[in-house]
Amino acid sequence: MAEPNSEITGQPLEPEADPQVVYRRADLPVDTGNAQGQPPASGSGREVAPAVTPLIIGFTLLLIVITVLGFLSVRRVDDVGSQVLDLEHVHAARANLLLRLRLALTRLDNEARARQDAETAGGLRPPFDLPLRTAREEMNNLVPALERPPLSQDPMWSQFHGDLQAYVAITTDARRYSLEGFSKFHVVDAELNELFSDSSREQNEVFQKSDAIQQQAARSIRLWSVIALMIGILVATGTIWEVQQRFKQMRRSMDEARRERSFSNQMLEGMVSAVVAIDHNDRIRSANRAFFDIFPGASIGSFVREKFAPDDAMKMLEVATASRVQEAGYRGRFVFQGDVPGTEKSFDLYSSPLAIEGDQGQLITLVDVTEAAEAERVMRRNESLTAVGQATTQVAHEIKNPLGSIRLGVSMLRDSVSGDPAALRTIDLVERGVNHLNKLVIDVTDFSRQKPLARASVELDDLLNRSIELVAESIKDKATPVEKDFSAKTVRGLWDADQLVQVFVNVIANAIDASPREQPIVITTELLQTVPPGATQGGTISTRGTGASGGARGIGTTGGTARVVIADQGSGMDQATLKRIFEPFFSTKARGTGLGLAIVKQIVEQHGGAISAASEPGKGSRFTIDLPV
């Protein structure tokens with residue numbers, strides 16, 4: 001049998017596998033705008049879980065902090081690179097200018113010296129003016145660079161600029177050059193060498209400034225990193241705290257839901273009634289154990305029109321799901337065959353609307369009213385029997401006196417016609433009719449007025465042995481073997497011995513009559529003893545043995561139920577006959593009164609016991625009598 005899911009829930013159970021949706025009873029709205037009366041479908045958008053919200057916020061803040069830190073760091077590195085590059089460019093431009101000045105100055109001085117040497121030596125004078133003018137123009141092209149800031153603002157460069165212009169002016173006049181050129185050149189050359197020395201020192205300063213800028217940038221980035229780390233720690237701490245609070249709330253909610261679910265499970269499992277939730281597709285969404293006891297082949301997800309139970313039970317479920325209910329209500333009573341042949345089970349069917357995932361399902365409740373229905377039948381039978389008893393008692397009383405007169409008259413007629421065989425046969429026929437009427441009157445009288453029980457401590461085996469002796473003639477006539485399988489323990493009870501012997505004689509005689517010749521009947525006894533909780537897993541234990549065959553017998557036990565089973569191998573009974581065998585005046589025998597088994601049932605129930613019968617055509621009958629010990 002499928003393991004039932006004992007709550008009204010969504011998908012199986014299983015392992016307690018994924019959280020499950022608990023379905024609730026929902027009253028349908030008066031006007032939903034839906035022709036079928038179904039509630040409107042819920043939104044399909046996905047919602048963010050409350051516990052995830054602080055995580056998203058925290059990670060977003062951390063991402064912003066990391067982005068800002070990266071942006072500032074990159075910008076700071078770019079600034080450092082720009083500053084160092086500017087310093088190096090300035091230094092490289094000055095060094096380049098100094099080199100060009102050195103080359104131009106050397107060339108100008110060489111051309112001026114060559115011209116001076118040629119004029120001093122006399123003779124043929126080569127054309128030195130063109131190279132000298134070219135060298136002078138080259139120098140003059142470099143001089144404007146010295147007039148622009150920041151060189152013009154430097155005293156050394158300003159002094160060098162003035163001396164260089166003075167020297168260039170001297171080179172234009174050969175006479176002045178011969179008098180002042182050498183000294184002016186050495187002054188300009190010395191100043192240029194000093195500028196080269198300053199350029200070397202400036203290069204070292206550039207390296208130091210670059211290193212200082214980089215260190216300052218590194219300190220700034222480290223400071224920003226520390227600030228970002230502190231902000232990240234604060235954000236992470238706040239996020240963790242918030243998430244922990246959300247998880248605590250969620251845990252409390254889950255614990256509460258688990259307690260509610262456990263309570264609902266226990267409540268559903270403790271219900272005698274069967275409860276099943278069926279969705280709009282007529283599939284079983286959930287059910288309790290009582291439902292699976294009635295429908296053993298069902299499982300979660302089964303279609304209600306599948307064949308997972310007997311036809312009578314399936315018809316009950318099909319009627320329940322044939323239409324959509326709009327409000328809770330009673331759907332009727334259903335009666336079908338029980339697990340034990342010859343028994344019936346009665347169920348009252350109720351259904352109510354149930355909202356399942358936005359669709360309209362229904363909740364079906366099956367209330368087992370077998371005992372109540374049986375009590376109703378017993379009450380009605382007792383009421384009818386009371387009325388019949390009152391009438392039959394009066395009728396029996398009125399018949400009994402004339403019947404005695406008829407018996408006396410028939411006896412006198414027998415004495416007067418002793419020589420006429422035809423007349424004697426007629427008298428025998430009349431006597432048999434009178435005896436039958438007399439037995440009927442006696443049975444009606446016994447049935448209509450219950451005889452008080454004369455209880456005494458008696459042994460069950462003795463009662464059965466006495467009963468067998470009373471039907472010994474019938475046993476001998478049909479050569480019927482009697483197989484006794486009595487309990488190993490002595491079973492005693494406070495019973496009315498005479499009335500129970502009447503019960504056993506009647507049932508055993510019926511078994512002998514129903515059995516074919518030389519076919520055995522089996523009489524079994526056992527003690528169904530109620531045990532204390534925890535002693536065994538079941539509610540009762542059966543004690544049986546071979547006491548009738550000579551085995552050792554134990555000490556008698558008090559408490560529990562004594563069960564007697566009398567089985568034959570006759571032709572059996574159909575279900576229609578089986579339902580009526582305990583009814584008064586119902587008999588399958590040609591000359592039976594129909595009160596034998598009715599009196600048996602009356603005596604057993606008067607002892608607080610119960611009698612039942614099970615039979616199938618061609619397989620014999622089995623009568624079970626339970627008596628309280």
# chains A, B, ... in the order shown; residues from 1 in each chain; ligands from 1

$ residues_around --residues "Glu111 (chain A)" --least-positions-apart "5" --cutoff "10 Å" --atoms "only C-alpha atoms" --output "PyMOL selection string"
chain A and resi 105-106+116-117+128-136+171

$ residues_around --residues "Ala190 (chain A)" --least-positions-apart "6" --cutoff "10 Å" --atoms "only C-alpha atoms" --output "JSON list (two decimals) with N, CA, C and O atoms, in the first residue's frame"
[["chain", "number", "residue", "atom", "x", "y", "z"],
["A", 160, "PHE", "N", 73.33, 83.32, -18.24],
["A", 160, "PHE", "CA", 73.86, 82.61, -19.40],
["A", 160, "PHE", "C", 73.30, 83.20, -20.69],
["A", 160, "PHE", "O", 74.04, 83.34, -21.69],
["A", 184, "LYS", "N", 85.27, 85.75, -23.44],
["A", 184, "LYS", "CA", 83.82, 85.59, -23.43],
["A", 184, "LYS", "C", 83.41, 84.13, -23.65],
["A", 184, "LYS", "O", 82.46, 83.64, -23.04],
["A", 196, "PHE", "N", 75.06, 72.27, -17.13],
["A", 196, "PHE", "CA", 75.07, 70.81, -17.25],
["A", 196, "PHE", "C", 75.13, 70.14, -15.88],
["A", 196, "PHE", "O", 74.47, 69.13, -15.63]]

$ atom_distance --atom1 "CA of Ala488 (chain A)" --atom2 "CA of Val471 (chain A)"
24.6 Å

$ select_by_dssp --residues "region 418-519 of chain A" --states "alpha helix (DSSP H)" --output "ChimeraX atom specification"
/A:421-448,460-470,472-478,497-514

$ select_by_dssp --residues "region 415-508 of chain A" --states "strand (DSSP E or B)" --output "list in words"
Ala456, Ser457, Val458, Glu459, Val482, Glu483, Lys484, Asp485, Lys489, Arg492, Gly493, Leu494 and Trp495 of chain A

$ residues_around --residues "Phe303 (chain A)" --least-positions-apart "5" --cutoff "12 Å" --atoms "only C-alpha atoms" --output "VMD selection string"
chain A and resid 277 to 285 297 to 298 308 314 317 to 318 321

$ residues_around --residues "Val80 (chain A)" --least-positions-apart "3" --cutoff "8 Å" --atoms "only C-alpha atoms" --output "short mmCIF file (atom, residue, chain, number, x, y, z; two decimals) with all heavy atoms, in the first residue's frame"
data_model
loop_
_atom_site.label_atom_id
_atom_site.label_comp_id
_atom_site.auth_asym_id
_atom_site.auth_seq_id
_atom_site.Cartn_x
_atom_site.Cartn_y
_atom_site.Cartn_z
N ARG A 76 44.48 58.12 -9.13
CA ARG A 76 45.69 58.53 -8.42
C ARG A 76 46.92 58.05 -9.15
O ARG A 76 47.93 58.79 -9.29
CB ARG A 76 45.66 57.98 -6.99
CG ARG A 76 46.81 58.46 -6.12
CD ARG A 76 46.82 59.96 -5.99
NE ARG A 76 47.83 60.41 -5.06
CZ ARG A 76 48.27 61.67 -4.97
NH1 ARG A 76 47.74 62.61 -5.78
NH2 ARG A 76 49.20 62.00 -4.09
N VAL A 77 46.89 56.81 -9.64
CA VAL A 77 48.03 56.30 -10.40
C VAL A 77 48.23 57.10 -11.68
O VAL A 77 49.37 57.42 -12.06
CB VAL A 77 47.80 54.80 -10.70
CG1 VAL A 77 48.85 54.29 -11.69
CG2 VAL A 77 47.87 53.98 -9.42
N GLN A 83 52.40 63.43 -13.38
CA GLN A 83 53.37 64.32 -12.72
C GLN A 83 54.81 63.88 -12.99
O GLN A 83 55.68 64.70 -13.31
CB GLN A 83 53.09 64.33 -11.22
CG GLN A 83 51.77 64.99 -10.85
CD GLN A 83 51.51 64.95 -9.36
OE1 GLN A 83 52.40 64.62 -8.58
NE2 GLN A 83 50.28 65.26 -8.97
N VAL A 84 55.06 62.57 -12.85
CA VAL A 84 56.43 62.09 -13.11
C VAL A 84 56.80 62.31 -14.56
O VAL A 84 57.95 62.73 -14.87
CB VAL A 84 56.51 60.59 -12.73
CG1 VAL A 84 57.84 60.01 -13.18
CG2 VAL A 84 56.33 60.41 -11.24
N SER A 210 59.84 62.08 -8.09
CA SER A 210 59.00 60.99 -8.61
C SER A 210 58.76 59.94 -7.52
O SER A 210 57.63 59.46 -7.33
CB SER A 210 59.66 60.33 -9.82
OG SER A 210 59.79 61.26 -10.88
N ILE A 213 56.36 61.38 -4.99
CA ILE A 213 54.98 61.38 -5.50
C ILE A 213 54.39 59.98 -5.45
O ILE A 213 53.23 59.78 -5.05
CB ILE A 213 54.96 61.95 -6.93
CG1 ILE A 213 55.30 63.45 -6.93
CG2 ILE A 213 53.60 61.74 -7.58
CD1 ILE A 213 55.49 64.04 -8.31
N GLN A 214 55.20 58.98 -5.84
CA GLN A 214 54.70 57.61 -5.83
C GLN A 214 54.41 57.14 -4.40
O GLN A 214 53.40 56.49 -4.14
CB GLN A 214 55.73 56.69 -6.48
CG GLN A 214 55.88 56.92 -7.99
CD GLN A 214 56.96 56.06 -8.61
OE1 GLN A 214 57.63 55.32 -7.89
NE2 GLN A 214 57.14 56.19 -9.91
N ALA A 217 51.27 58.76 -3.27
CA ALA A 217 50.13 58.10 -3.90
C ALA A 217 49.85 56.75 -3.24
O ALA A 217 48.69 56.38 -3.00
CB ALA A 217 50.38 57.93 -5.39
#
